[in-house]
Amino acid sequence: MIIDFHTHIFPPDVRERREEHLRRDPTFAEMYASARAKVATAEDLLRSMDEAGVDASVALGFAWRDHEDCLRHNDYLLEAAARSGGRIVPFCTVNLAAGEAAAAEVERCARAGARGLGELRPESQGWDLDGEAGDLLAGLARQHNLILLFHVTEPGERDYPGRQGLSLDSFRRFLACSRGVAVVGAHLAGGLPLGDRAPAARRPPANVYADTAALRLLYQPQLLAPLANTAWAGRLLFGSDFPLVSQAAALADVRASGLDAAALARVLGGNAARLLPPAGR
């Protein structure tokens, strides 16, 4: 089974009224101002999955500033998942700056079938993961058995649209105080598995996973093979970052990375299948 743990879909009206959303949301404007930045719908994702041979895809929400935009996006994610026959796995979106309203939305989404929250970008939305909002988020995740997926910014000077979202230091601190919550760091968790070249030293916290989203844009795919021989072997999740990177291209990168057959099976779906809780739990 192939599971893509990192894809993006939007309600059709976001694509149809793109200019309005560019004016209203600074993070959306940063990432989607270019005409080359694709805005995909559930139908686009399902077609891509058919073409690439992907069995299931985690569809992520967007880090909207406005609470009502989060609600509308969540409605679409949940409806698309319900129509997909299990092929689309919904991870809903929330801005913890909304306080009690955000907590109520998390509960609503969990009851409606959300399996996680993401792609979370605290610094883009104006809330502090190191503060009370982070404690609230971890508590909600524990209560509703939700996986949390964060955009994690890798260290360095390189800049590109959408780079910022959560610093690697803040991500590390959250991992330490969110025991019992499954936490996925996008884009190889900001390089967390690469922090020490000694394999024995790359022992991840018990609750952390890393996806390979946009691997070809940020790292060399060949680095996956050495990681598969470390304690990260069961923590690596295939992610494409569709539609930024096509699912077919992302799969080709992972398949050409030098992973042996067993490691390839884990990264492409085995690890994700163990992580995702049973539907309806």
# chains A, B, ... in the order shown; residues from 1 in each chain; ligands from 1
$ closest_atom_pairs --of "segment 211-254 of chain A" --to "segment 5-20 of chain A" --cutoff "10 Å" --atoms "only C-alpha atoms" --output "tab-separated table"
residue	atom	partner	partner_atom	distance
A:Asp211	CA	A:Phe5	CA	7.0
A:Thr212	CA	A:His6	CA	8.3
A:Ala213	CA	A:His6	CA	6.2
A:Ala214	CA	A:His6	CA	9.3
A:Leu237	CA	A:Phe5	CA	6.5
A:Phe238	CA	A:Phe5	CA	6.0
A:Gly239	CA	A:His6	CA	4.5
A:Ser240	CA	A:His6	CA	5.9
A:Asp241	CA	A:Thr7	CA	4.9
A:Phe242	CA	A:Thr7	CA	4.7
A:Pro243	CA	A:His8	CA	6.8
A:Leu244	CA	A:His8	CA	8.7
A:Val245	CA	A:Thr7	CA	9.3
A:Ser246	CA	A:Thr7	CA	9.7
A:Gln247	CA	A:Thr7	CA	8.9
$ closest_atom_pairs --of "segment 69-132 of chain A" --to "segment 173-194 of chain A" --cutoff "9 Å" --atoms "only C-alpha atoms" --output "JSON lines"
{"residue": "A:Glu119", "atom": "CA", "partner": "A:Ala186", "partner_atom": "CA", "distance": 8.2}
{"residue": "A:Leu129", "atom": "CA", "partner": "A:Phe174", "partner_atom": "CA", "distance": 7.1}
{"residue": "A:Asp130", "atom": "CA", "partner": "A:Phe174", "partner_atom": "CA", "distance": 6.9}
$ write_last_selection --atoms "C-alpha atoms" --output "mmCIF file, in the first residue's frame"
data_model
loop_
_atom_site.group_PDB
_atom_site.id
_atom_site.type_symbol
_atom_site.label_atom_id
_atom_site.label_comp_id
_atom_site.auth_asym_id
_atom_site.auth_seq_id
_atom_site.Cartn_x
_atom_site.Cartn_y
_atom_site.Cartn_z
ATOM 1 C CA GLU A 119 -0.396 21.613 8.201
ATOM 2 C CA LEU A 129 3.417 26.920 20.319
ATOM 3 C CA ASP A 130 5.589 27.397 23.416
#
$ closest_atom_pairs --of "segment 144-258 of chain A" --to "segment 84-91 of chain A" --cutoff "9 Å" --atoms "only C-alpha atoms" --output "tab-separated table"
residue	atom	partner	partner_atom	distance
A:Leu146	CA	A:Phe91	CA	8.8
A:Ile147	CA	A:Phe91	CA	8.3
A:Leu148	CA	A:Phe91	CA	8.5
A:Leu149	CA	A:Phe91	CA	8.4
$ select_by_dssp --residues "segment 25-258 of chain A" --states "alpha helix (DSSP H)" --output "PyMOL selection string"
chain A and resi 26-32+42-52+67-83+100-111+122-125+132-144+168-176+186-191+215-218+224-227+247-255
$ closest_residue --among "A:Val106, A:Leu224, A:Val152, A:Ala52" --to "Gly139 of chain A" --atoms "only C-alpha atoms"
A:Val106
$ closest_residue --among "A:Cys92, A:Pro221, A:Ala231, A:Gly195" --to "Arg255 of chain A" --atoms "only C-alpha atoms"
A:Pro221
$ residues_around --residues "segment 263-265 of chain A" --least-positions-apart "4" --cutoff "12 Å" --atoms "only C-alpha atoms" --output "MDAnalysis selection string"
chainID A and resid 1:3 224:230 232:238 251:259 269:273
$ select_by_dssp --residues "segment 137-212 of chain A" --states "strand (DSSP E)" --output "PyMOL selection string"
chain A and resi 147-150+183-185+208-211
$ atom_distance --atom1 "atom CA of Ala29 of chain A" --atom2 "atom CA of Gln125 of chain A"
13.1 Å
$ atom_distance --atom1 "atom CA of Ala101 of chain A" --atom2 "atom CA of Asn74 of chain A"
13.9 Å
$ atom_distance --atom1 "atom CA of Arg83 of chain A" --atom2 "atom CA of Asp50 of chain A"
15.5 Å
$ decode --residues "segment 3-84 of chain A" --atoms "C-alpha atoms" --output "tab-separated table (two decimals), in the first residue's frame"
chain	number	residue	atom	x	y	z
A	3	ILE	CA	0.12	6.30	1.50
A	4	ASP	CA	0.98	9.92	0.71
A	5	PHE	CA	1.09	11.67	4.09
A	6	HIS	CA	1.32	15.24	2.79
A	7	THR	CA	-1.00	16.68	0.13
A	8	HIS	CA	-2.99	19.91	-0.16
A	9	ILE	CA	-6.50	20.47	-1.47
A	10	PHE	CA	-8.71	23.56	-1.32
A	11	PRO	CA	-12.43	24.20	-1.76
A	12	PRO	CA	-13.15	25.10	-5.41
A	13	ASP	CA	-14.17	28.64	-4.46
A	14	VAL	CA	-10.61	29.35	-3.27
A	15	ARG	CA	-9.37	28.74	-6.80
A	16	GLU	CA	-12.30	30.61	-8.34
A	17	ARG	CA	-11.86	33.62	-6.01
A	18	ARG	CA	-8.10	33.39	-5.70
A	19	GLU	CA	-7.46	37.14	-5.91
A	20	GLU	CA	-9.82	37.79	-3.01
A	21	HIS	CA	-8.00	35.26	-0.82
A	22	LEU	CA	-4.65	36.72	-1.82
A	23	ARG	CA	-5.81	40.08	-0.49
A	24	ARG	CA	-7.28	38.69	2.71
A	25	ASP	CA	-4.65	36.26	3.98
A	26	PRO	CA	-0.92	37.13	4.11
A	27	THR	CA	0.30	33.53	4.25
A	28	PHE	CA	-1.89	32.51	1.31
A	29	ALA	CA	-0.59	35.54	-0.58
A	30	GLU	CA	3.02	34.59	0.16
A	31	MET	CA	2.56	31.04	-1.10
A	32	TYR	CA	0.03	31.43	-3.92
A	33	ALA	CA	0.63	34.86	-5.44
A	34	SER	CA	2.53	33.30	-8.32
A	35	ALA	CA	0.36	31.98	-11.14
A	36	ARG	CA	2.64	28.92	-11.16
A	37	ALA	CA	1.47	27.96	-7.65
A	38	LYS	CA	-1.26	25.39	-8.22
A	39	VAL	CA	-4.44	25.30	-6.17
A	40	ALA	CA	-5.79	21.73	-6.28
A	41	THR	CA	-9.21	20.31	-5.40
A	42	ALA	CA	-10.19	16.84	-4.20
A	43	GLU	CA	-10.94	15.80	-7.77
A	44	ASP	CA	-7.44	16.83	-8.83
A	45	LEU	CA	-5.94	14.79	-6.01
A	46	LEU	CA	-7.97	11.68	-6.81
A	47	ARG	CA	-6.93	11.86	-10.47
A	48	SER	CA	-3.29	12.17	-9.42
A	49	MET	CA	-3.64	9.19	-7.10
A	50	ASP	CA	-5.09	7.07	-9.90
A	51	GLU	CA	-2.26	8.04	-12.25
A	52	ALA	CA	0.53	7.52	-9.69
A	53	GLY	CA	-0.87	4.40	-8.02
A	54	VAL	CA	-1.35	5.99	-4.59
A	55	ASP	CA	-3.86	4.16	-2.39
A	56	ALA	CA	-4.55	6.85	0.21
A	57	SER	CA	-3.57	10.48	0.74
A	58	VAL	CA	-3.61	12.66	3.82
A	59	ALA	CA	-5.23	15.92	2.69
A	60	LEU	CA	-4.11	18.86	4.81
A	61	GLY	CA	-5.84	22.09	5.64
A	62	PHE	CA	-4.27	25.53	5.24
A	63	ALA	CA	-3.04	27.86	8.00
A	64	TRP	CA	-5.71	30.53	7.53
A	65	ARG	CA	-5.64	33.52	9.87
A	66	ASP	CA	-9.43	33.87	9.87
A	67	HIS	CA	-11.36	31.32	11.94
A	68	GLU	CA	-14.27	31.26	9.48
A	69	ASP	CA	-11.90	30.39	6.63
A	70	CYS	CA	-10.69	27.45	8.71
A	71	LEU	CA	-14.27	26.26	9.19
A	72	ARG	CA	-15.06	26.44	5.48
A	73	HIS	CA	-11.89	24.58	4.56
A	74	ASN	CA	-12.62	21.90	7.17
A	75	ASP	CA	-16.14	21.38	5.83
A	76	TYR	CA	-14.66	20.73	2.40
A	77	LEU	CA	-11.97	18.35	3.68
A	78	LEU	CA	-14.47	16.31	5.65
A	79	GLU	CA	-16.98	16.16	2.78
A	80	ALA	CA	-14.27	15.20	0.27
A	81	ALA	CA	-13.03	12.44	2.56
A	82	ALA	CA	-16.53	11.09	3.06
A	83	ARG	CA	-17.04	10.89	-0.72
A	84	SER	CA	-13.66	9.26	-1.38
